[in-house]
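Chemist: To be precise about what I am sending: the file is called my_file.cif and holds mmCIF, C-alpha atoms.
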```
data_model
#
loop_
_atom_site.label_atom_id
_atom_site.label_comp_id
_atom_site.auth_asym_id
_atom_site.auth_seq_id
_atom_site.Cartn_x
_atom_site.Cartn_y
_atom_site.Cartn_z
CA GLY A 25 17.50 -22.37 -11.43
CA LEU A 26 13.80 -21.57 -11.85
CA VAL A 27 12.93 -24.77 -13.73
CA LYS A 28 15.01 -26.88 -11.35
CA GLY A 29 13.27 -25.30 -8.36
CA ALA A 30 9.87 -26.00 -9.87
CA SER A 31 10.80 -29.59 -10.72
CA GLU A 32 11.95 -30.12 -7.13
CA GLY A 33 8.58 -29.00 -5.77
CA ALA A 34 8.97 -25.27 -5.16
CA ALA A 35 5.61 -23.65 -4.44
CA ILE A 36 6.89 -20.09 -4.99
CA LEU A 37 9.74 -18.90 -7.19
CA ASN A 38 12.04 -16.12 -6.03
CA ASP A 39 14.32 -14.16 -8.32
CA VAL A 40 16.42 -11.30 -6.93
CA SER A 41 17.05 -10.17 -10.52
CA SER A 42 13.26 -9.79 -11.05
CA LEU A 43 13.60 -11.99 -14.14
CA TYR A 44 16.17 -9.71 -15.78
CA GLY A 45 18.86 -12.40 -15.42
CA SER A 46 17.95 -14.08 -18.70
CA GLU A 47 15.85 -13.11 -21.69
CA LYS A 48 13.96 -16.38 -21.29
CA SER A 49 13.15 -15.97 -17.58
CA ILE A 50 9.74 -14.32 -17.99
CA LYS A 51 8.55 -16.92 -20.52
CA VAL A 52 9.81 -19.77 -18.33
CA VAL A 53 8.00 -18.42 -15.27
CA SER A 54 4.87 -17.81 -17.32
CA SER A 55 4.90 -21.41 -18.55
CA LEU A 56 5.49 -22.83 -15.05
CA GLY A 57 2.45 -21.03 -13.63
CA LEU A 58 3.97 -20.67 -10.17
CA PRO A 59 3.93 -17.50 -8.09
CA ILE A 60 7.04 -15.36 -8.55
CA ILE A 61 8.62 -12.89 -6.15
CA LEU A 62 10.03 -9.88 -7.99
CA THR A 63 12.71 -8.23 -5.85
CA HIS A 64 14.01 -4.73 -6.42
CA MET A 65 17.78 -4.52 -6.45
CA GLN A 66 19.86 -1.57 -7.61
CA GLY A 67 22.84 -3.04 -9.45
CA ILE A 68 23.98 -6.64 -9.00
CA PRO A 69 25.07 -8.40 -5.80
CA GLU A 70 28.73 -7.66 -6.54
CA ASN A 71 28.22 -3.87 -6.71
CA MET A 72 24.78 -3.12 -5.26
CA GLN A 73 26.16 -1.48 -2.11
CA ASP A 74 28.89 0.58 -3.82
CA ASN A 75 26.94 3.85 -4.00
CA PRO A 76 23.18 3.32 -4.14
CA THR A 77 21.33 6.50 -5.02
CA TYR A 78 17.66 7.39 -5.41
CA ASN A 79 15.68 10.59 -5.82
CA ALA A 80 13.19 9.25 -3.27
CA ALA A 81 13.81 5.56 -2.54
CA PRO A 82 10.25 4.36 -1.85
CA PHE A 83 8.80 6.12 -4.88
CA ASP A 84 11.65 5.23 -7.25
CA ILE A 85 11.31 1.58 -6.19
CA PHE A 86 7.52 1.72 -6.54
CA ASP A 87 7.89 3.02 -10.12
CA TRP A 88 10.50 0.38 -10.96
CA LEU A 89 8.36 -2.45 -9.54
CA GLU A 90 5.26 -1.12 -11.30
CA THR A 91 7.08 -1.28 -14.64
CA ARG A 92 8.36 -4.77 -13.92
CA VAL A 93 4.92 -6.03 -12.86
CA LEU A 94 3.43 -4.67 -16.10
CA ASP A 95 6.21 -6.29 -18.16
CA CYS A 96 5.51 -9.63 -16.48
CA GLN A 97 1.76 -9.31 -17.03
CA LYS A 98 2.30 -8.48 -20.72
CA SER A 99 4.47 -11.59 -21.00
CA GLY A 100 1.72 -13.87 -19.71
CA ILE A 101 2.37 -14.06 -15.97
CA MET A 102 -1.02 -13.81 -14.29
CA SER A 103 -1.40 -10.86 -11.91
CA LYS A 104 -2.42 -13.15 -9.07
CA LYS A 105 0.95 -14.96 -9.40
CA ILE A 106 3.10 -11.84 -8.89
CA ILE A 107 4.52 -10.95 -5.48
CA ILE A 108 6.66 -7.85 -5.03
CA ASP A 109 9.61 -7.27 -2.70
CA PRO A 110 11.08 -3.76 -2.30
CA GLY A 111 14.44 -5.40 -1.60
CA ILE A 112 15.51 -4.17 1.82
CA GLY A 113 19.31 -4.18 1.80
CA PHE A 114 19.62 -4.83 -1.94
CA GLY A 115 21.35 -1.69 -3.15
CA LYS A 116 20.12 0.55 -0.35
CA THR A 117 21.74 2.61 2.38
CA LEU A 118 20.53 2.66 5.97
CA ASN A 119 18.45 5.75 5.21
CA HIS A 120 16.95 4.19 2.06
CA ASN A 121 15.88 1.12 4.05
CA ILE A 122 14.27 3.29 6.74
CA GLU A 123 12.48 5.39 4.10
CA ILE A 124 11.12 2.25 2.45
CA LEU A 125 9.97 0.72 5.75
CA SER A 126 8.38 4.03 6.76
CA ASN A 127 6.42 4.11 3.50
CA LEU A 128 5.48 0.44 3.00
CA GLY A 129 1.84 1.36 2.49
CA ILE A 130 2.49 2.75 -0.98
CA PHE A 131 3.48 -0.68 -2.27
CA HIS A 132 -0.09 -1.91 -1.76
CA GLY A 133 -0.91 0.35 -4.69
CA LEU A 134 0.72 -2.18 -7.00
CA GLY A 135 -2.10 -4.63 -6.27
CA CYS A 136 0.29 -7.49 -5.52
CA PRO A 137 1.10 -9.26 -2.28
CA ILE A 138 4.22 -7.87 -0.62
CA CYS A 139 7.11 -10.02 0.55
CA ILE A 140 9.85 -8.54 2.66
CA GLY A 141 13.01 -9.74 4.35
CA VAL A 142 14.24 -7.70 7.29
CA SER A 143 15.60 -10.55 9.43
CA ARG A 144 19.18 -9.95 10.62
CA LYS A 145 19.79 -7.28 7.96
CA SER A 146 22.71 -4.87 8.26
CA PHE A 147 20.42 -1.88 8.81
CA ILE A 148 19.36 -3.53 12.10
CA GLY A 149 23.01 -3.98 13.00
CA ASN A 150 23.71 -0.34 12.19
CA LEU A 151 20.78 0.94 14.25
CA GLY A 152 21.35 -1.46 17.14
CA LYS A 153 25.15 -1.35 17.03
CA GLU A 154 25.43 -5.12 16.53
CA ASN A 155 27.93 -6.50 14.02
CA ASN A 156 26.98 -10.15 14.52
CA PRO A 157 23.87 -10.94 12.41
CA LYS A 158 22.93 -13.80 14.76
CA ARG A 159 22.54 -11.27 17.59
CA ARG A 160 19.97 -9.14 15.77
CA LEU A 161 16.85 -11.06 16.83
CA ALA A 162 15.23 -8.23 18.80
CA GLY A 163 15.67 -5.76 15.96
CA SER A 164 14.51 -8.34 13.43
CA LEU A 165 11.32 -8.96 15.40
CA ALA A 166 10.65 -5.23 15.79
CA ALA A 167 11.08 -4.63 12.06
CA MET A 168 9.00 -7.71 11.19
CA LEU A 169 6.12 -6.58 13.43
CA HIS A 170 6.19 -3.15 11.79
CA CYS A 171 5.93 -4.82 8.37
CA VAL A 172 3.00 -6.96 9.49
CA LYS A 173 1.28 -3.87 10.92
CA GLU A 174 1.72 -2.24 7.50
CA GLY A 175 -0.04 -5.16 5.81
CA VAL A 176 2.93 -7.10 4.41
CA GLN A 177 1.67 -10.60 3.63
CA ILE A 178 4.93 -12.59 3.38
CA ILE A 179 7.90 -12.25 5.73
CA ARG A 180 11.30 -13.90 5.22
CA VAL A 181 12.90 -14.85 8.53
CA HIS A 182 15.82 -16.74 9.99
CA ASP A 183 14.45 -17.29 13.50
CA VAL A 184 11.19 -19.07 12.78
CA LYS A 185 10.25 -20.17 16.31
CA GLU A 186 10.80 -16.71 17.79
CA THR A 187 8.98 -15.03 14.91
CA VAL A 188 5.96 -17.32 15.30
CA GLN A 189 5.88 -16.53 19.02
CA ALA A 190 6.10 -12.78 18.41
CA LEU A 191 3.33 -12.96 15.80
CA SER A 192 1.15 -15.05 18.10
CA VAL A 193 1.44 -12.47 20.89
CA TYR A 194 0.96 -9.56 18.48
CA ARG A 195 -2.15 -11.07 16.91
CA SER A 196 -3.63 -11.99 20.29
CA ILE A 197 -3.24 -8.43 21.54
CA LYS A 198 -4.50 -6.94 18.30
CA GLN A 199 -7.72 -8.98 18.47
#
```
Will you turn the file into structure tokens for me?
Modeler:
Amino acid sequence: GLVKGASEGAAILNDVSSLYGSEKSIKVVSSLGLPIILTHMQGIPENMQDNPTYNAAPFDIFDWLETRVLDCQKSGIMSKKIIIDPGIGFGKTLNHNIEILSNLGIFHGLGCPICIGVSRKSFIGNLGKENNPKRRLAGSLAAMLHCVKEGVQIIRVHDVKETVQALSVYRSIKQ
């Protein structure tokens, strides 16, 4: 996957396993020299939502990401190529997601750009009582604007046109 993506012109690599999927992953990414997004996920996609537990979600995730960033740096991935993602919805309950979003500022302490995906996530559906992910635009935009206000540099979205419009208005007002 990672090599294929790079050979097909990917500018940024993304790995929801944070390069734990294969023993060779870190070396491959190091040799490719492309930026990598390290996403926190408790468990694997098949069981991540079974019973996620944390002592304090934001701080546990910070510690986990800090260890992973250091492992990647020791394996030759340049610091400036590492992007972190606290993994909203990846092995987290509604309360965990809210705790993380309420404490996004701590992740700047890792010294890496932050990427986050809140678009259409189930926590928005739970809060807004909307089962259909395609009807979660308003909540997605609200969560995205919060992330931007907290200094998140990269946002994953589904509704690009609407997100660009919301950001344009937000930035105009902020200036």
Chemist: Can you turn the PyMOL selection byres ((chain A and resi 92) around 12) into a concrete residue list for this file, as an MDAnalysis selection string?
Modeler: chainID A and resid 41:44 50 60:64 85:91 93:99 101 103 106:110 134 136
Chemist: Which residue is closest to A:Asp74? Choose from A:Lys116, A:Lys153, A:Arg195, A:Lys48 and count only C-alpha atoms.
Modeler: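 So, comparing all the options, the nearest one is A:Lys116.
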Chemist: Out of A:Ile68, A:Ala167, A:Val184, A:Cys139, which residue has the shortest atom-to-atom distance to A:Gly152 when counting only C-alpha atoms?
Modeler: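 Closest candidate: A:Ala167.
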Chemist: To test your reading of the syntax: which residues would the PyMOL selection byres ((chain A and resi 37) around 8) return for the file shown? Reply as a ChimeraX atom specification.
Modeler: /A:26,29-30,34-36,38-39,58-61
Chemist: Distance atom CA of A:Leu191-atom CA of A:Leu161, one decimal place?
Modeler: 13.7 Å
Chemist: Starting from the block above, write stretch 167-181 of chain A out to a file with all heavy atoms, as a short mmCIF file (atom, residue, chain, number, x, y, z; two decimals), in the first residue's frame, please.
Modeler:
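File produced: decode.cif:
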```
data_model
loop_
_atom_site.label_atom_id
_atom_site.label_comp_id
_atom_site.auth_asym_id
_atom_site.auth_seq_id
_atom_site.Cartn_x
_atom_site.Cartn_y
_atom_site.Cartn_z
N ALA A 167 -17.63 21.21 14.10
CA ALA A 167 -16.46 20.53 14.67
C ALA A 167 -15.19 20.94 13.94
O ALA A 167 -14.14 21.16 14.56
CB ALA A 167 -16.66 19.01 14.60
N MET A 168 -15.26 21.06 12.62
CA MET A 168 -14.09 21.46 11.83
C MET A 168 -13.62 22.85 12.23
O MET A 168 -12.42 23.08 12.42
CB MET A 168 -14.44 21.42 10.34
CG MET A 168 -13.35 21.88 9.39
SD MET A 168 -13.28 23.66 9.05
CE MET A 168 -14.89 24.02 8.42
N LEU A 169 -14.55 23.80 12.39
CA LEU A 169 -14.16 25.16 12.76
C LEU A 169 -13.54 25.19 14.16
O LEU A 169 -12.60 25.94 14.40
CB LEU A 169 -15.36 26.11 12.68
CG LEU A 169 -15.81 26.43 11.25
CD1 LEU A 169 -17.11 27.21 11.26
CD2 LEU A 169 -14.73 27.17 10.48
N HIS A 170 -14.03 24.36 15.06
CA HIS A 170 -13.41 24.25 16.38
C HIS A 170 -11.96 23.79 16.24
O HIS A 170 -11.06 24.35 16.86
CB HIS A 170 -14.19 23.29 17.28
CG HIS A 170 -13.44 22.94 18.52
ND1 HIS A 170 -13.30 23.82 19.58
CD2 HIS A 170 -12.74 21.84 18.85
CE1 HIS A 170 -12.56 23.25 20.51
NE2 HIS A 170 -12.20 22.05 20.10
N CYS A 171 -11.74 22.77 15.41
CA CYS A 171 -10.38 22.24 15.20
C CYS A 171 -9.46 23.30 14.63
O CYS A 171 -8.31 23.44 15.06
CB CYS A 171 -10.43 21.01 14.30
SG CYS A 171 -11.25 19.59 15.04
N VAL A 172 -9.94 24.05 13.66
CA VAL A 172 -9.14 25.12 13.06
C VAL A 172 -8.81 26.18 14.12
O VAL A 172 -7.68 26.64 14.21
CB VAL A 172 -9.87 25.74 11.84
CG1 VAL A 172 -9.19 27.01 11.37
CG2 VAL A 172 -9.95 24.72 10.71
N LYS A 173 -9.80 26.54 14.92
CA LYS A 173 -9.58 27.52 16.00
C LYS A 173 -8.51 27.02 16.96
O LYS A 173 -7.73 27.81 17.50
CB LYS A 173 -10.88 27.77 16.74
CG LYS A 173 -10.78 28.80 17.84
CD LYS A 173 -12.16 29.01 18.49
CE LYS A 173 -12.08 30.00 19.62
NZ LYS A 173 -11.71 29.39 20.89
N GLU A 174 -8.42 25.72 17.15
CA GLU A 174 -7.44 25.12 18.06
C GLU A 174 -6.08 24.90 17.39
O GLU A 174 -5.18 24.31 17.99
CB GLU A 174 -7.97 23.81 18.63
CG GLU A 174 -9.17 23.99 19.55
CD GLU A 174 -8.85 24.84 20.77
OE1 GLU A 174 -7.82 24.58 21.43
OE2 GLU A 174 -9.62 25.78 21.06
N GLY A 175 -5.94 25.34 16.14
CA GLY A 175 -4.64 25.29 15.47
C GLY A 175 -4.35 24.05 14.66
O GLY A 175 -3.22 23.84 14.23
N VAL A 176 -5.36 23.20 14.44
CA VAL A 176 -5.16 22.01 13.62
C VAL A 176 -4.85 22.47 12.19
O VAL A 176 -5.53 23.32 11.63
CB VAL A 176 -6.41 21.09 13.66
CG1 VAL A 176 -6.31 19.98 12.64
CG2 VAL A 176 -6.59 20.54 15.06
N GLN A 177 -3.79 21.88 11.62
CA GLN A 177 -3.31 22.33 10.31
C GLN A 177 -3.93 21.58 9.13
O GLN A 177 -4.01 22.11 8.03
CB GLN A 177 -1.78 22.18 10.24
CG GLN A 177 -1.04 23.06 11.21
CD GLN A 177 -0.73 22.37 12.54
OE1 GLN A 177 -1.33 21.38 12.90
NE2 GLN A 177 0.25 22.90 13.26
N ILE A 178 -4.34 20.33 9.33
CA ILE A 178 -4.88 19.53 8.23
C ILE A 178 -6.22 18.95 8.66
O ILE A 178 -6.33 18.33 9.71
CB ILE A 178 -3.92 18.37 7.85
CG1 ILE A 178 -2.55 18.92 7.44
CG2 ILE A 178 -4.51 17.52 6.72
CD1 ILE A 178 -1.48 17.85 7.27
N ILE A 179 -7.24 19.16 7.83
CA ILE A 179 -8.58 18.69 8.12
C ILE A 179 -9.03 17.74 7.00
O ILE A 179 -8.94 18.09 5.83
CB ILE A 179 -9.59 19.87 8.18
CG1 ILE A 179 -9.14 20.95 9.15
CG2 ILE A 179 -10.98 19.38 8.49
CD1 ILE A 179 -9.28 20.61 10.59
N ARG A 180 -9.50 16.56 7.38
CA ARG A 180 -10.09 15.63 6.41
C ARG A 180 -11.59 15.92 6.32
O ARG A 180 -12.25 16.00 7.35
CB ARG A 180 -9.92 14.18 6.87
CG ARG A 180 -8.57 13.64 6.71
CD ARG A 180 -8.68 12.11 6.89
NE ARG A 180 -7.36 11.55 6.98
CZ ARG A 180 -6.71 11.30 8.11
NH1 ARG A 180 -7.27 11.58 9.27
NH2 ARG A 180 -5.52 10.78 8.08
N VAL A 181 -12.10 16.07 5.12
CA VAL A 181 -13.51 16.40 4.95
C VAL A 181 -14.14 15.60 3.82
O VAL A 181 -13.43 15.07 2.95
CB VAL A 181 -13.71 17.91 4.66
CG1 VAL A 181 -13.14 18.76 5.79
CG2 VAL A 181 -13.14 18.32 3.33
#
```
